[in-house]
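This is work09.cif (mmCIF, N, CA and C atoms).
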```cif
data_model
#
loop_
_atom_site.label_atom_id
_atom_site.label_comp_id
_atom_site.auth_asym_id
_atom_site.auth_seq_id
_atom_site.Cartn_x
_atom_site.Cartn_y
_atom_site.Cartn_z
N MET A 18 277.00 293.37 -26.36
CA MET A 18 275.80 293.87 -26.97
C MET A 18 274.95 294.55 -25.89
N SER A 19 274.37 295.66 -26.23
CA SER A 19 273.55 296.42 -25.30
C SER A 19 272.11 296.45 -25.79
N ASN A 20 271.19 296.27 -24.86
CA ASN A 20 269.77 296.35 -25.17
C ASN A 20 269.16 297.50 -24.39
N GLU A 21 268.20 298.16 -24.98
CA GLU A 21 267.49 299.22 -24.28
C GLU A 21 266.00 298.88 -24.26
N PHE A 22 265.40 299.05 -23.08
CA PHE A 22 263.99 298.77 -22.90
C PHE A 22 263.34 299.94 -22.17
N THR A 23 262.05 300.04 -22.31
CA THR A 23 261.28 301.08 -21.64
C THR A 23 260.95 300.64 -20.22
N ALA A 24 261.10 301.54 -19.27
CA ALA A 24 260.72 301.28 -17.88
C ALA A 24 259.64 302.28 -17.49
N ILE A 25 258.48 301.79 -17.14
CA ILE A 25 257.39 302.63 -16.64
C ILE A 25 257.44 302.53 -15.12
N THR A 26 257.69 303.65 -14.46
CA THR A 26 257.85 303.66 -13.01
C THR A 26 256.76 304.50 -12.38
N GLU A 27 256.17 303.99 -11.30
CA GLU A 27 255.12 304.70 -10.57
C GLU A 27 255.42 304.63 -9.08
N ARG A 28 254.92 305.58 -8.36
CA ARG A 28 255.07 305.56 -6.91
C ARG A 28 253.74 305.11 -6.30
N ASP A 29 253.83 304.15 -5.38
CA ASP A 29 252.66 303.63 -4.68
C ASP A 29 252.91 303.77 -3.18
N GLU A 30 252.48 304.87 -2.63
CA GLU A 30 252.74 305.23 -1.24
C GLU A 30 254.24 305.25 -0.96
N ASP A 31 254.76 304.30 -0.17
CA ASP A 31 256.18 304.30 0.18
C ASP A 31 257.05 303.53 -0.81
N TRP A 32 256.46 302.89 -1.80
CA TRP A 32 257.20 302.03 -2.73
C TRP A 32 257.18 302.59 -4.14
N PHE A 33 258.19 302.21 -4.89
CA PHE A 33 258.22 302.46 -6.33
C PHE A 33 258.00 301.12 -7.01
N ILE A 34 257.19 301.12 -8.06
CA ILE A 34 256.97 299.91 -8.86
C ILE A 34 257.26 300.26 -10.31
N ALA A 35 257.73 299.26 -11.05
CA ALA A 35 258.08 299.48 -12.46
C ALA A 35 257.77 298.24 -13.26
N TYR A 36 257.51 298.45 -14.54
CA TYR A 36 257.35 297.33 -15.46
C TYR A 36 257.91 297.73 -16.81
N CYS A 37 258.17 296.72 -17.61
CA CYS A 37 258.70 296.92 -18.95
C CYS A 37 257.65 296.44 -19.95
N PRO A 38 257.04 297.34 -20.72
CA PRO A 38 255.98 296.92 -21.64
C PRO A 38 256.45 296.01 -22.77
N GLU A 39 257.74 296.04 -23.10
CA GLU A 39 258.24 295.19 -24.19
C GLU A 39 258.44 293.74 -23.76
N ILE A 40 258.55 293.51 -22.45
CA ILE A 40 258.84 292.16 -21.97
C ILE A 40 257.76 291.76 -20.97
N HIS A 41 256.88 290.89 -21.41
CA HIS A 41 255.77 290.43 -20.57
C HIS A 41 256.32 289.79 -19.29
N GLY A 42 255.80 290.23 -18.15
CA GLY A 42 256.20 289.65 -16.88
C GLY A 42 257.37 290.32 -16.20
N ALA A 43 257.98 291.32 -16.84
CA ALA A 43 259.13 292.01 -16.24
C ALA A 43 258.62 293.13 -15.34
N ASN A 44 258.76 292.93 -14.05
CA ASN A 44 258.31 293.89 -13.05
C ASN A 44 259.40 294.10 -12.01
N GLY A 45 259.40 295.26 -11.40
CA GLY A 45 260.35 295.53 -10.33
C GLY A 45 259.71 296.39 -9.27
N GLN A 46 260.31 296.37 -8.09
CA GLN A 46 259.83 297.22 -7.01
C GLN A 46 261.00 297.57 -6.11
N GLY A 47 260.85 298.64 -5.36
CA GLY A 47 261.89 299.03 -4.43
C GLY A 47 261.45 300.18 -3.55
N SER A 48 262.19 300.37 -2.48
CA SER A 48 261.86 301.45 -1.55
C SER A 48 262.32 302.81 -2.08
N ASN A 49 263.21 302.78 -3.10
CA ASN A 49 263.59 304.01 -3.79
C ASN A 49 263.68 303.72 -5.28
N ILE A 50 263.78 304.74 -6.08
CA ILE A 50 263.72 304.55 -7.53
C ILE A 50 264.91 303.76 -8.07
N GLU A 51 266.09 303.94 -7.49
CA GLU A 51 267.26 303.19 -7.96
C GLU A 51 267.12 301.71 -7.67
N GLU A 52 266.63 301.37 -6.48
CA GLU A 52 266.40 299.96 -6.13
C GLU A 52 265.35 299.35 -7.05
N CYS A 53 264.34 300.13 -7.36
CA CYS A 53 263.28 299.68 -8.26
C CYS A 53 263.83 299.39 -9.66
N LYS A 54 264.63 300.31 -10.19
CA LYS A 54 265.23 300.11 -11.52
C LYS A 54 266.15 298.91 -11.54
N GLN A 55 266.94 298.73 -10.48
CA GLN A 55 267.85 297.58 -10.41
C GLN A 55 267.07 296.28 -10.37
N ASN A 56 265.99 296.26 -9.60
CA ASN A 56 265.14 295.08 -9.50
C ASN A 56 264.51 294.75 -10.85
N LEU A 57 264.07 295.77 -11.56
CA LEU A 57 263.49 295.58 -12.90
C LEU A 57 264.55 295.06 -13.87
N ALA A 58 265.75 295.62 -13.82
CA ALA A 58 266.82 295.18 -14.71
C ALA A 58 267.15 293.71 -14.47
N GLU A 59 267.16 293.28 -13.21
CA GLU A 59 267.42 291.87 -12.89
C GLU A 59 266.31 290.98 -13.42
N ALA A 60 265.07 291.43 -13.30
CA ALA A 60 263.94 290.66 -13.81
C ALA A 60 264.02 290.51 -15.33
N ILE A 61 264.37 291.58 -16.02
CA ILE A 61 264.52 291.52 -17.48
C ILE A 61 265.62 290.54 -17.85
N ALA A 62 266.76 290.61 -17.18
CA ALA A 62 267.88 289.71 -17.48
C ALA A 62 267.48 288.26 -17.28
N LEU A 63 266.77 287.96 -16.20
CA LEU A 63 266.34 286.57 -15.95
C LEU A 63 265.37 286.08 -17.02
N ILE A 64 264.42 286.91 -17.40
CA ILE A 64 263.45 286.52 -18.42
C ILE A 64 264.13 286.28 -19.75
N LEU A 65 265.03 287.17 -20.15
CA LEU A 65 265.72 287.00 -21.43
C LEU A 65 266.59 285.75 -21.43
N GLU A 66 267.26 285.47 -20.31
CA GLU A 66 268.09 284.27 -20.22
C GLU A 66 267.23 283.01 -20.35
N GLU A 67 266.08 283.00 -19.69
CA GLU A 67 265.18 281.85 -19.79
C GLU A 67 264.69 281.67 -21.23
N ARG A 68 264.38 282.77 -21.90
CA ARG A 68 263.92 282.67 -23.30
C ARG A 68 265.02 282.16 -24.21
N ARG A 69 266.27 282.58 -23.96
CA ARG A 69 267.39 282.07 -24.76
C ARG A 69 267.54 280.57 -24.56
N GLN A 70 267.45 280.11 -23.30
CA GLN A 70 267.57 278.69 -23.01
C GLN A 70 266.44 277.91 -23.67
N ASP A 71 265.23 278.42 -23.59
CA ASP A 71 264.09 277.75 -24.24
C ASP A 71 264.30 277.65 -25.74
N ALA A 72 264.80 278.71 -26.35
CA ALA A 72 265.04 278.70 -27.80
C ALA A 72 266.11 277.68 -28.14
N PHE A 73 267.16 277.59 -27.34
CA PHE A 73 268.23 276.62 -27.59
C PHE A 73 267.71 275.20 -27.46
N ILE A 74 266.92 274.94 -26.41
CA ILE A 74 266.39 273.60 -26.20
C ILE A 74 265.46 273.23 -27.35
N ASN A 75 264.58 274.14 -27.76
CA ASN A 75 263.67 273.86 -28.86
C ASN A 75 264.43 273.60 -30.15
N LYS A 76 265.45 274.40 -30.43
CA LYS A 76 266.24 274.22 -31.65
C LYS A 76 266.96 272.87 -31.60
N ALA A 77 267.55 272.53 -30.46
CA ALA A 77 268.25 271.25 -30.34
C ALA A 77 267.28 270.09 -30.52
N GLY A 78 266.07 270.21 -29.96
CA GLY A 78 265.07 269.16 -30.11
C GLY A 78 264.63 269.00 -31.56
N GLN A 79 264.45 270.09 -32.27
CA GLN A 79 264.07 270.03 -33.68
C GLN A 79 265.16 269.38 -34.50
N GLU A 80 266.42 269.73 -34.23
CA GLU A 80 267.53 269.13 -34.96
C GLU A 80 267.61 267.64 -34.68
N PHE A 81 267.38 267.22 -33.44
CA PHE A 81 267.43 265.81 -33.10
C PHE A 81 266.37 265.03 -33.88
N TYR A 82 265.13 265.54 -33.88
CA TYR A 82 264.06 264.84 -34.59
C TYR A 82 264.29 264.84 -36.10
N LEU A 83 264.86 265.91 -36.63
CA LEU A 83 265.17 265.95 -38.05
C LEU A 83 266.21 264.88 -38.39
N LYS A 84 267.27 264.76 -37.59
CA LYS A 84 268.30 263.76 -37.83
C LYS A 84 267.74 262.36 -37.64
N LEU A 85 266.90 262.15 -36.62
CA LEU A 85 266.29 260.85 -36.39
C LEU A 85 265.40 260.48 -37.57
N GLY A 86 264.61 261.44 -38.06
CA GLY A 86 263.76 261.18 -39.21
C GLY A 86 264.56 260.82 -40.45
N ASN A 87 265.67 261.51 -40.70
CA ASN A 87 266.54 261.18 -41.84
C ASN A 87 267.10 259.78 -41.69
N LEU A 88 267.51 259.41 -40.48
CA LEU A 88 268.06 258.08 -40.24
C LEU A 88 267.00 257.02 -40.50
N LEU A 89 265.79 257.25 -40.04
CA LEU A 89 264.73 256.27 -40.27
C LEU A 89 264.42 256.13 -41.76
N ASN A 90 264.47 257.22 -42.52
CA ASN A 90 264.23 257.16 -43.96
C ASN A 90 265.32 256.34 -44.64
N ILE A 91 266.54 256.48 -44.19
CA ILE A 91 267.66 255.73 -44.77
C ILE A 91 267.51 254.25 -44.50
N LEU A 92 267.02 253.90 -43.31
CA LEU A 92 266.90 252.49 -42.92
C LEU A 92 265.76 251.78 -43.62
N GLN A 93 264.82 252.52 -44.18
CA GLN A 93 263.66 251.89 -44.82
C GLN A 93 263.98 251.36 -46.18
#
```

Produce structure tokens that represent the structure in this file.
Amino acid sequence: MSNEFTAITERDEDWFIAYCPEIHGANGQGSNIEECKQNLAEAIALILEERRQDAFINKAGQEFYLKLGNLLNILQ
């Protein structure tokens, strides 16, 4: 699966900086534009992976409490 995101890139003296408006906290920097884009792509990948893990943990926790609640109802 391929995802496409917007990269806003600016030059700040000797550095390039970039951010992705669709993903809060995704920023990159580099001494050239390619390094900057690569850094931003890595930041996006890390953020998305963390969000996937958080979603999995939350879903697993909800399922656990749902099953525990059903078990307690049966025991009453």

Task: Interatomic distance (Å, one decimal) between CA of Gly42 (chain A) and CA of Thr26 (chain A) - done: 14.6 Å

Coordinates of box centre and edge lengths for region 38-51 of chain A, 8 Å on every side, axis-aligned, as AutoDock Vina command-line options:
```
--center_x 261.5 --center_y 297.2 --center_z -12.9 --size_x 27.5 --size_y 31.1 --size_z 38.6
```

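Comparing the minimum interatomic distances between Asn44 (chain A) and each of A:Asp29, A:Glu59, A:Asp71, A:Glu66, counting only C-alpha atoms, we find that A:Glu59 sits nearest.
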
Open item on the list: I'd like the interatomic distance between CA of Asn49 (chain A) and atom C of Glu21 (chain A), to a tenth of an Å.
Closed with: 21.2 Å

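Pairwise distance (CA of Arg68 (chain A), CA of Gly47 (chain A)) equals 25.1 Å.
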
TODO: Using only C-alpha atoms, find the one residue out of A:Cys37, A:Ile50, A:Ile64, A:Ala43 that sits nearest to Ile25 (chain A).
DONE: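 The shortest atom-to-atom distance to Ile25 (chain A) comes from A:Cys37.
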
Open item on the list: For a quick check of understanding, using only C-alpha atoms, which of A:Ile61, A:Arg28, A:Glu67, A:Asn20 has the smallest distance to Ser48 (chain A)?
Closed with: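 Closest to Ser48 (chain A), using only C-alpha atoms: A:Arg28.
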